[in-house]
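*Asks:* Input structure: work_37.txt, which contains compact mmCIF, C-alpha atoms.
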```
# COMPACT_ATOMS: atom_id res chain seq x y z
CA MET A 4 0.00 0.00 0.00
CA ASN A 5 1.59 3.24 -1.17
CA GLY A 6 0.74 6.81 -0.24
CA SER A 7 2.11 6.92 3.31
CA SER A 8 5.05 9.27 2.75
CA PHE A 9 5.25 13.03 2.36
CA GLY A 10 7.89 15.74 1.91
CA ARG A 11 11.14 16.24 0.05
CA GLU A 12 13.69 17.63 2.53
CA PHE A 13 11.73 17.04 5.74
CA ARG A 14 10.45 13.58 4.87
CA ILE A 15 7.88 11.60 6.85
CA ARG A 16 6.37 8.13 6.54
CA THR A 17 3.49 7.18 8.82
CA TYR A 18 2.70 3.58 9.70
CA GLY A 19 0.28 1.45 11.69
CA SER A 20 -3.49 1.08 11.87
CA SER A 21 -6.33 1.44 14.31
CA HIS A 22 -6.22 -2.16 15.55
CA GLY A 23 -2.55 -2.97 15.02
CA GLY A 24 0.13 -2.99 17.68
CA ALA A 25 1.22 0.65 17.24
CA VAL A 26 0.94 3.75 15.12
CA GLY A 27 3.76 6.16 14.43
CA VAL A 28 6.05 7.96 12.04
CA ILE A 29 9.58 7.80 10.64
CA ILE A 30 11.14 11.21 9.99
CA GLU A 31 14.16 11.68 7.74
CA GLY A 32 16.17 14.76 6.92
CA CYS A 33 16.83 16.17 10.39
CA PRO A 34 20.52 16.92 10.93
CA ALA A 35 22.31 15.81 14.08
CA GLY A 36 22.50 17.91 17.22
CA ILE A 37 19.07 19.58 17.11
CA ARG A 38 17.50 19.85 20.55
CA LEU A 39 13.94 18.49 20.72
CA SER A 40 11.51 18.50 23.62
CA THR A 41 9.69 15.20 24.08
CA ARG A 42 7.30 16.98 26.45
CA ALA A 43 6.24 19.29 23.65
CA ILE A 44 5.63 16.27 21.42
CA GLN A 45 3.55 14.63 24.15
CA ARG A 46 1.45 17.80 24.54
CA GLU A 47 0.50 17.60 20.86
CA LEU A 48 -0.46 13.95 21.28
CA ASP A 49 -2.64 14.84 24.26
CA ARG A 50 -4.50 17.42 22.17
CA ARG A 51 -5.43 14.74 19.63
CA ARG A 52 -6.06 11.95 22.17
CA PRO A 53 -9.57 10.44 22.44
CA GLY A 54 -11.44 9.65 25.67
CA LYS A 55 -11.46 13.20 27.07
CA GLY A 56 -15.19 13.82 27.38
CA PRO A 57 -18.64 13.37 25.83
CA THR A 58 -17.87 15.39 22.69
CA VAL A 59 -15.18 12.96 21.45
CA SER A 60 -14.67 9.22 21.06
CA GLY A 61 -14.76 7.22 24.30
CA ARG A 62 -11.81 5.06 23.27
CA GLU A 63 -9.38 5.11 26.21
CA GLU A 64 -5.94 5.47 24.67
CA PRO A 65 -3.16 6.96 26.83
CA ASP A 66 -1.10 7.73 23.69
CA ARG A 67 2.22 7.77 25.53
CA LEU A 68 5.17 8.78 23.36
CA ASP A 69 7.76 6.11 22.58
CA VAL A 70 11.02 7.38 21.07
CA VAL A 71 12.34 4.37 19.17
CA SER A 72 15.33 5.98 17.44
CA GLY A 73 16.86 9.20 16.15
CA ILE A 74 16.85 11.15 19.45
CA SER A 75 19.42 10.63 22.18
CA GLY A 76 19.99 12.88 25.15
CA ARG A 77 17.21 15.18 23.87
CA ARG A 78 19.12 15.81 20.65
CA THR A 79 18.77 14.38 17.18
CA THR A 80 21.38 11.84 16.13
CA GLY A 81 21.21 12.58 12.41
CA GLY A 82 19.60 9.22 11.67
CA PRO A 83 15.91 8.54 10.99
CA ILE A 84 13.68 9.60 13.89
CA ARG A 85 11.09 6.99 14.76
CA LEU A 86 8.28 7.99 17.10
CA GLN A 87 5.27 5.88 17.96
CA VAL A 88 2.49 5.11 20.44
CA ARG A 89 1.04 1.73 21.36
CA ASN A 90 -2.59 0.84 20.74
CA ILE A 91 -4.03 -0.16 24.13
CA ASP A 92 -7.83 -0.01 23.92
CA ALA A 93 -8.70 -1.60 20.58
CA ARG A 94 -11.91 -3.65 20.43
CA PRO A 95 -11.96 -5.50 17.11
CA SER A 96 -15.17 -7.35 18.00
CA GLU A 97 -17.08 -4.11 17.47
CA TYR A 98 -16.24 -4.38 13.77
CA ASP A 99 -17.45 -7.95 13.19
CA ASP A 100 -20.43 -6.74 11.18
CA ILE A 101 -18.67 -3.84 9.47
CA VAL A 102 -16.05 -5.98 7.69
CA PHE A 103 -18.91 -7.38 5.57
CA LYS A 104 -21.16 -4.30 5.52
CA PRO A 105 -19.35 -1.15 4.40
CA ARG A 106 -20.30 1.97 6.34
CA PRO A 107 -21.98 4.64 4.18
CA GLY A 108 -19.77 7.71 3.94
CA HIS A 109 -16.65 5.79 5.05
CA ALA A 110 -13.68 4.52 3.05
CA ASP A 111 -14.86 0.93 3.64
CA LEU A 112 -16.45 0.74 0.19
CA SER A 113 -13.48 2.14 -1.76
CA TYR A 114 -11.07 -0.06 0.23
CA PHE A 115 -13.10 -3.13 -0.69
CA LEU A 116 -13.25 -2.15 -4.35
CA LYS A 117 -9.47 -1.58 -4.45
CA TYR A 118 -8.11 -4.24 -2.08
CA GLY A 119 -10.89 -6.80 -1.94
CA ARG A 120 -11.41 -6.52 1.81
CA ILE A 121 -12.40 -4.12 4.57
CA PRO A 122 -9.72 -3.86 7.27
CA VAL A 123 -10.78 -4.07 10.90
CA GLY A 124 -11.25 -0.62 12.36
CA GLY A 125 -10.82 1.01 8.97
CA GLY A 126 -7.11 0.20 8.71
CA ARG A 127 -5.12 3.13 7.32
CA SER A 128 -8.32 5.12 6.73
CA SER A 129 -8.98 5.26 10.47
CA GLY A 130 -8.52 8.52 12.33
CA ARG A 131 -5.97 6.62 14.40
CA GLU A 132 -3.54 7.02 11.50
CA THR A 133 -3.27 10.72 12.25
CA VAL A 134 -1.14 9.98 15.34
CA GLY A 135 1.90 9.73 13.05
CA ARG A 136 1.11 13.08 11.46
CA VAL A 137 0.81 14.77 14.86
CA LEU A 138 4.14 13.27 15.96
CA ALA A 139 5.90 14.60 12.85
CA GLY A 140 4.11 17.93 13.12
CA ALA A 141 5.21 18.30 16.74
CA VAL A 142 8.84 18.02 15.61
CA ALA A 143 8.27 20.41 12.70
CA LYS A 144 6.60 22.95 15.01
CA GLN A 145 9.62 23.02 17.32
CA LEU A 146 11.98 23.59 14.42
CA LEU A 147 9.75 26.29 12.93
CA SER A 148 9.35 28.12 16.25
CA ARG A 149 13.11 28.70 16.25
CA GLU A 150 12.64 30.48 12.92
CA GLY A 151 9.89 32.68 14.37
CA VAL A 152 7.02 30.73 12.78
CA GLN A 153 3.99 30.00 14.97
CA ILE A 154 1.04 27.83 13.91
CA ASN A 155 -2.37 27.87 15.56
CA GLY A 156 -5.68 26.34 14.60
CA LYS A 157 -9.24 26.84 15.75
CA ILE A 158 -12.79 25.75 15.00
CA LEU A 159 -14.82 28.30 13.05
CA GLU A 160 -18.06 26.37 12.64
CA ILE A 161 -19.75 23.23 13.94
CA GLY A 162 -22.88 22.04 12.19
CA GLY A 163 -23.12 25.37 10.37
CA ARG A 164 -23.03 27.37 13.62
CA ARG A 165 -20.38 29.90 14.60
CA ALA A 166 -21.11 29.54 18.34
CA GLY A 167 -22.52 26.97 20.78
CA HIS A 168 -20.27 24.23 19.43
CA ARG A 169 -20.39 21.97 22.45
CA ARG A 170 -24.17 22.12 22.60
CA THR A 171 -24.41 21.33 18.87
CA ILE A 172 -22.15 18.28 19.26
CA LEU A 173 -24.02 16.94 22.30
CA ARG A 174 -27.36 17.28 20.53
CA ALA A 175 -26.03 15.31 17.57
CA ARG A 176 -24.68 12.67 19.92
CA ALA A 177 -28.02 12.39 21.69
CA ARG A 178 -29.61 11.63 18.31
CA LYS A 179 -26.85 9.07 17.64
CA ASP A 180 -25.87 11.29 14.72
CA SER A 181 -22.80 13.41 13.89
CA VAL A 182 -21.92 16.86 12.62
CA GLY A 183 -19.12 18.39 10.59
CA GLY A 184 -17.53 21.80 10.65
CA ILE A 185 -14.87 24.22 9.46
CA VAL A 186 -11.36 24.51 10.96
CA GLU A 187 -8.92 27.32 10.32
CA VAL A 188 -5.13 27.18 10.64
CA ILE A 189 -3.00 30.34 10.66
CA ALA A 190 0.80 30.32 10.38
CA GLU A 191 2.43 33.60 11.38
CA GLY A 192 6.04 34.58 10.77
CA VAL A 193 6.28 32.66 7.49
CA PRO A 194 9.15 34.22 5.49
CA PRO A 195 8.53 35.34 1.90
CA GLY A 196 9.80 33.18 -0.93
CA LEU A 197 8.62 29.72 0.15
CA GLY A 198 7.06 27.62 -2.59
CA GLU A 199 7.74 27.05 -6.25
CA PRO A 200 5.71 28.21 -9.26
CA VAL A 201 3.23 25.98 -11.08
CA PHE A 202 3.15 22.39 -9.78
CA HIS A 203 4.91 22.85 -6.44
CA GLY A 204 3.22 26.00 -5.21
CA LEU A 205 3.06 26.40 -1.45
CA ASP A 206 -0.73 26.62 -1.56
CA ALA A 207 -0.93 23.56 -3.82
CA GLU A 208 1.11 21.45 -1.39
CA LEU A 209 -0.77 22.77 1.63
CA ALA A 210 -4.01 21.76 -0.10
CA ARG A 211 -2.59 18.33 -0.84
CA ALA A 212 -1.41 17.87 2.75
CA LEU A 213 -4.70 19.00 4.27
CA MET A 214 -6.87 17.07 1.83
CA GLY A 215 -4.88 13.98 2.77
CA ILE A 216 -6.40 14.07 6.26
CA GLY A 217 -9.34 11.70 6.59
CA SER A 218 -12.77 13.43 6.63
CA VAL A 219 -11.47 16.63 4.99
CA LYS A 220 -13.56 17.40 1.91
CA GLY A 221 -12.45 20.90 1.04
CA VAL A 222 -9.54 23.33 1.47
CA GLU A 223 -9.47 27.11 1.16
CA VAL A 224 -6.44 29.42 1.18
CA GLY A 225 -7.11 33.00 2.22
CA SER A 226 -10.57 34.15 1.19
CA GLY A 227 -10.98 30.91 -0.75
CA PHE A 228 -14.39 30.41 -2.35
CA ALA A 229 -15.51 33.83 -1.12
CA ALA A 230 -13.15 35.29 -3.74
CA ALA A 231 -15.37 33.78 -6.43
CA ARG A 232 -18.24 35.92 -5.14
CA SER A 233 -16.14 39.08 -4.81
CA SER A 234 -14.63 41.60 -7.23
CA GLY A 235 -11.03 42.44 -8.01
CA SER A 236 -11.30 45.84 -6.37
CA ARG A 237 -12.42 44.24 -3.10
CA ASN A 238 -10.43 41.02 -3.18
CA ASN A 239 -7.04 42.43 -4.24
CA ASP A 240 -4.73 43.14 -1.31
CA ALA A 241 -3.30 46.68 -1.48
CA ILE A 242 0.51 46.70 -1.24
CA ILE A 243 2.02 48.89 1.48
CA VAL A 244 5.26 49.41 3.40
CA MET A 245 5.05 48.39 7.05
CA ASN A 246 8.01 48.86 9.38
CA GLY A 247 10.25 49.30 6.38
CA ARG A 248 9.10 46.07 4.70
CA LEU A 249 6.68 45.31 1.90
CA ALA A 250 3.32 44.00 3.09
CA THR A 251 -0.37 44.04 2.15
CA ARG A 252 -3.14 45.97 3.88
CA THR A 253 -5.48 42.97 3.82
CA ASN A 254 -4.75 39.27 3.43
CA ASN A 255 -7.35 37.81 1.09
CA ALA A 256 -4.51 35.91 -0.63
CA GLY A 257 -3.83 34.02 2.59
CA GLY A 258 -0.12 34.84 2.51
CA ILE A 259 0.49 33.12 -0.85
CA LEU A 260 0.59 34.58 -4.37
CA GLY A 261 1.59 32.61 -7.44
CA GLY A 262 2.35 29.62 -5.23
CA ILE A 263 4.97 31.62 -3.27
CA SER A 264 4.65 33.03 0.25
CA ASN A 265 4.60 36.85 0.40
CA GLY A 266 5.48 37.32 4.08
CA MET A 267 1.90 37.70 5.32
CA PRO A 268 0.30 35.08 7.60
CA VAL A 269 -0.55 31.86 5.78
CA VAL A 270 -4.26 31.15 6.29
CA CYS A 271 -5.95 27.85 5.45
CA LYS A 272 -9.45 26.54 6.13
CA ILE A 273 -10.65 22.95 5.87
CA ALA A 274 -14.15 21.57 5.51
CA VAL A 275 -14.59 18.54 7.78
CA LYS A 276 -17.45 16.17 6.99
CA PRO A 277 -19.65 14.61 9.69
CA THR A 278 -18.32 11.37 11.15
CA SER A 279 -19.54 8.49 8.99
CA SER A 280 -19.82 5.98 11.88
CA ILE A 281 -23.18 6.80 13.45
CA GLY A 282 -25.74 4.91 15.53
CA ILE A 283 -28.63 5.60 13.15
CA GLU A 284 -29.67 2.71 10.91
CA GLN A 285 -28.41 3.15 7.33
CA ASP A 286 -28.70 1.32 4.04
CA THR A 287 -25.74 -0.71 2.79
CA VAL A 288 -24.94 -4.03 1.13
CA ASP A 289 -23.89 -7.34 2.67
CA LEU A 290 -20.77 -8.24 0.69
CA ARG A 291 -21.25 -11.94 1.40
CA THR A 292 -24.58 -12.06 -0.41
CA MET A 293 -24.42 -8.82 -2.42
CA ARG A 294 -27.93 -8.05 -1.20
CA PRO A 295 -29.28 -4.92 0.48
CA ALA A 296 -28.69 -4.77 4.22
CA LYS A 297 -29.10 -2.47 7.20
CA LEU A 298 -26.25 -1.25 9.35
CA THR A 299 -26.21 0.44 12.74
CA VAL A 300 -22.70 1.32 13.83
CA GLU A 301 -22.10 0.65 17.49
CA GLY A 302 -18.91 1.31 19.42
CA ARG A 303 -16.96 4.43 20.27
CA HIS A 304 -16.86 7.12 17.61
CA ASP A 305 -16.54 10.90 17.57
CA PRO A 306 -19.86 12.74 17.12
CA CYS A 307 -17.70 15.50 15.58
CA ILE A 308 -14.13 15.18 14.34
CA CYS A 309 -13.32 18.91 14.33
CA GLN A 310 -11.95 19.12 17.89
CA ARG A 311 -9.39 16.39 17.40
CA ILE A 312 -8.58 17.35 13.81
CA VAL A 313 -7.25 20.80 14.81
CA PRO A 314 -3.80 19.50 15.96
CA VAL A 315 -3.68 17.24 12.89
CA ALA A 316 -4.28 20.17 10.53
CA GLU A 317 -1.70 22.27 12.38
CA ALA A 318 0.76 19.37 12.03
CA MET A 319 0.31 19.09 8.27
CA VAL A 320 0.73 22.85 7.80
CA ALA A 321 3.91 22.72 9.91
CA ILE A 322 5.30 19.79 7.90
CA VAL A 323 4.72 21.57 4.58
CA LEU A 324 6.19 24.87 5.78
CA LEU A 325 9.31 23.27 7.25
CA ASP A 326 9.83 21.18 4.13
CA HIS A 327 9.58 24.26 1.92
CA LEU A 328 11.81 26.28 4.22
CA TRP A 329 14.51 23.62 3.97
CA ARG A 330 13.99 23.36 0.21
CA ALA A 331 14.44 27.12 -0.16
CA ARG A 332 17.63 27.06 1.90
CA LYS A 333 19.02 24.15 -0.05
CA GLU A 334 18.25 25.85 -3.37
CA SER A 335 19.75 29.10 -2.08
CA GLY A 336 22.89 27.21 -1.10
CA GLU A 337 23.01 25.57 -4.51
CA ARG A 338 22.63 28.95 -6.19
CA ARG A 339 25.44 30.36 -4.08
CA ALA A 340 27.58 27.34 -4.94
CA GLU A 341 26.74 27.80 -8.61
CA ALA A 342 27.59 31.49 -8.37
CA ARG A 343 30.88 30.59 -6.71
CA GLY A 344 31.46 28.10 -9.50
CA ASP A 345 30.78 30.82 -12.06
CA GLU A 346 33.15 33.14 -10.23
CA MET A 347 35.82 30.44 -10.13
CA THR A 348 35.31 29.79 -13.82
CA SER A 349 35.62 33.51 -14.52
CA LEU A 350 38.69 33.73 -12.28
CA ALA A 351 40.34 30.81 -14.07
CA ARG A 352 39.61 32.46 -17.42
CA LEU A 353 41.16 35.72 -16.26
CA ARG A 354 44.19 33.90 -14.93
CA ARG A 355 44.62 32.17 -18.28
CA GLU A 356 44.52 35.56 -19.99
CA VAL A 357 47.16 36.86 -17.56
CA GLY A 358 49.26 33.83 -18.31
CA ARG A 359 49.01 34.47 -22.06
CA GLY A 360 49.93 38.12 -21.48
CA ASP A 361 52.97 37.08 -19.43
CA GLU A 362 54.03 34.71 -22.20
CA GLN A 363 53.79 37.53 -24.74
CA MET A 364 55.74 39.84 -22.46
CA VAL A 365 58.51 37.27 -21.99
CA ARG A 366 58.68 36.70 -25.75
CA LEU A 367 59.01 40.48 -26.27
CA MET A 368 61.77 40.54 -23.67
CA GLY A 369 63.52 37.76 -25.57
CA ARG A 370 63.11 39.73 -28.79
CA ARG A 371 64.56 42.82 -27.06
CA MET A 372 67.61 40.84 -25.93
CA ALA A 373 68.14 39.56 -29.48
CA LEU A 374 68.01 43.15 -30.76
CA ALA A 375 70.45 44.20 -28.03
CA GLU A 376 72.89 41.55 -29.24
CA ARG A 377 72.59 42.83 -32.80
CA ILE A 378 73.19 46.38 -31.54
CA GLY A 379 76.27 45.10 -29.71
CA LYS A 380 77.66 43.66 -32.92
CA ALA A 381 76.97 46.95 -34.74
CA LYS A 382 78.76 48.87 -31.97
CA MET A 383 81.71 46.53 -32.21
CA ALA A 384 81.92 47.06 -35.98
CA MET A 385 81.70 50.82 -35.55
CA GLY A 386 84.05 50.96 -32.59
CA LEU A 387 81.41 52.54 -30.32
CA PRO A 388 81.22 52.17 -26.53
CA ILE A 389 78.78 49.74 -24.88
CA ARG A 390 76.90 52.30 -22.85
CA ASP A 391 75.13 55.25 -24.44
CA ALA A 392 73.66 57.33 -21.58
CA GLY A 393 71.71 59.64 -23.91
CA ALA A 394 70.08 56.71 -25.71
CA GLU A 395 69.15 55.11 -22.36
CA ARG A 396 67.53 58.36 -21.14
CA ARG A 397 65.44 58.53 -24.30
CA VAL A 398 64.34 54.88 -23.86
CA LEU A 399 63.32 55.54 -20.25
CA ALA A 400 61.43 58.72 -21.16
CA ASN A 401 59.53 56.93 -23.88
CA ALA A 402 58.70 54.02 -21.54
CA LYS A 403 57.37 56.43 -18.89
CA ARG A 404 55.10 58.16 -21.41
CA THR A 405 53.75 54.79 -22.51
CA ALA A 406 53.23 53.74 -18.87
CA LYS A 407 51.24 56.90 -18.20
CA MET A 408 48.97 56.26 -21.17
CA ALA A 409 48.53 52.60 -20.17
CA LYS A 410 47.82 53.62 -16.54
CA VAL A 411 50.74 51.57 -15.22
CA ALA A 412 52.87 52.80 -12.32
CA GLN A 413 55.91 54.56 -13.83
CA GLY A 414 58.17 53.32 -11.04
CA ILE A 415 57.47 49.70 -12.00
CA VAL A 416 58.13 50.44 -15.68
CA LYS A 417 61.35 52.38 -14.84
CA ARG A 418 62.74 49.44 -12.81
CA LEU A 419 61.81 46.95 -15.52
CA ILE A 420 63.43 48.97 -18.33
CA GLU A 421 66.58 49.64 -16.26
CA ASP A 422 66.90 45.89 -15.58
CA LEU A 423 66.45 45.14 -19.29
CA MET A 424 69.07 47.71 -20.28
CA ALA A 425 71.51 46.33 -17.70
CA GLU A 426 71.01 42.84 -19.11
CA ALA A 427 71.50 44.21 -22.65
CA ARG A 428 74.83 45.79 -21.63
CA ARG A 429 76.03 42.48 -20.15
CA ARG A 430 75.23 40.67 -23.37
CA GLN A 431 76.88 43.37 -25.50
CA LYS A 432 80.05 43.21 -23.42
CA ARG A 433 80.32 39.51 -24.13
CA ILE A 434 80.07 40.30 -27.86
CA VAL A 435 82.39 43.34 -27.95
CA GLY A 436 84.88 41.84 -25.52
CA PRO A 437 87.87 43.75 -24.12
CA LYS A 438 88.20 45.88 -27.27
CA GLY A 439 85.10 47.87 -26.53
CA ARG A 440 85.49 51.36 -25.12
CA LYS A 441 83.49 53.03 -22.38
CA HIS A 442 81.78 56.31 -23.23
```
Could you write out this file's structure as structure tokens?
*Replies:*
Amino acid sequence: MNGSSFGREFRIRTYGSSHGGAVGVIIEGCPAGIRLSTRAIQRELDRRRPGKGPTVSGREEPDRLDVVSGISGRRTTGGPIRLQVRNIDARPSEYDDIVFKPRPGHADLSYFLKYGRIPVGGGRSSGRETVGRVLAGAVAKQLLSREGVQINGKILEIGGRRAGHRRTILRARARKDSVGGIVEVIAEGVPPGLGEPVFHGLDAELARALMGIGSVKGVEVGSGFAAARSSGSRNNDAIIVMNGRLATRTNNAGGILGGISNGMPVVCKIAVKPTSSIGIEQDTVDLRTMRPAKLTVEGRHDPCICQRIVPVAEAMVAIVLLDHLWRARKESGERRAEARGDEMTSLARLRREVGRGDEQMVRLMGRRMALAERIGKAKMAMGLPIRDAGAERRVLANAKRTAKMAKVAQGIVKRLIEDLMAEARRRQKRIVGPKGRKH
């Protein structure tokens, strides 16, 4: 069964099922030496944990964190981090009827059509699978908080109501029914530049991550579907300067434009459907006979998933943001390395040009020495002295004028020419020999 992994730089793979021995996550990509608080991870687990009152499932799971590998002495080791919790209060007998009668609204039917069976407790489609997401998200949240990023979620609606959520849930429970709702997640402190255009936009991957949570049937970023009922003049966010930085006066874009974060808070909303496992009799089919059947789901199920889905949604937003932050830093490092490579290539090219110039200069010096030897022979034939002070002064004056035009220090040119003339005199003396006369 594929589909259990997520992320590119901060990579996670969740495992386990509702009625297996444990559920958890394997995290890859964390470097060694990062300090992590296991208490903070446990707090996130406690937020998601069932059995905390009449508005959630009565399943009594302690959900105690078990650090299997990757963290030692409260610091990451650099290897894969494996975190899990044990399943303690599973009751598979409550699913004896369901494995042959798919629950309407649940993944039972699609699982049967794909895999030929309905797993006990819903298998990987159970809400129990989200434990692994919360574990990974708890790690991602700690790493993001050090970058100044804070993520918080809340319930906006339950059963279409903006207030009285607890009362709405209890009424549904009393009817043996369930209700859905809308949850909002806001990430503040998100730096600009996260996300990639087109297929790997930050909003696209947030939508993918949030839609991957069981029971989520819709995702909005910023004003979302309300933008379709608005106008450009109202929906466009005016650009301003705030505290010396570019910002927008409003945030209908939800902090993302063109798939890339713009520095404003990232705002996402998810539509959560009503829990499919309800105590009201529903129509289904008995897979053993392929005939119509009735199903009443007994057992312990949430009358509303919204309360426990908040930490799950926060976790998925944290995972996406951290993954994109690390991607951006890796790409920035690669660009810097590429720029350094370009600079090194340019430097090598310039050095080669200098080398060719030096070769030409040395060849000219060799040509000058050859001419000096010919001059020495002419002096010998004419009986002239080796040194001609007037000629040397003219050579130096000409060299200085040329140096000035070429913007080369005249002192350097003077020393070079004097050395060349001294070498020329030595060569001429060898040619003229003792017969030569000094001027």
*Asks:* Got a sec: who's within 10 Å of A:Ala373, counting all atoms listed in the file, leaving out chain neighbours fewer than 5 positions off, as a PyMOL selection string?
*Replies:* chain A and resi 367-368+378-379+427+430
*Asks:* For the point (0.3, 4.0, 19.1) in the file's frame, write as a ChimeraX atom specification all residues with an atom no more than 6 Å away, counting only C-alpha atoms.
*Replies:* /A:25-26,87-90
*Asks:* Using all atoms listed in the file for the distances, tell me which of A:Gly414, A:Pro107, A:Gly344, A:Gly227 is nearest to A:Asp286.
*Replies:*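 Going through A:Gly414, A:Pro107, A:Gly344, A:Gly227 one by one, the smallest distance to A:Asp286 is for A:Pro107.
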*Asks:* Determine, counting only C-alpha atoms, every residue of protein, DNA or RNA that lies within 7 Å of (16.7, 20.7, 18.1) in the file coordinates, then give the result as an MDAnalysis selection string.
*Replies:* chainID A and resid 36:39 78:79 146
*Asks:* For each of A:Ile161, A:Met319, A:Met293, A:Ala190, take the minimum atom-to-atom distance to A:Ile259, counting all atoms listed in the file, then give the residue where this is smallest.
*Replies:* A:Ala190
*Asks:* Using all atoms listed in the file, can you tell me which of A:Phe9, A:Tyr98, A:Tyr118, A:Phe228 comes closest to A:Ser21?
*Replies:*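 Closest to A:Ser21, using all atoms listed in the file: A:Tyr98.
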*Asks:* So, with only C-alpha atoms as the atoms that count, which of A:Ala296, A:Val323, A:Lys179, A:Lys417 lies closest to A:Thr405?
*Replies:*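 Checking each of A:Ala296, A:Val323, A:Lys179, A:Lys417 against A:Thr405, counting only C-alpha atoms, the winner is A:Lys417.
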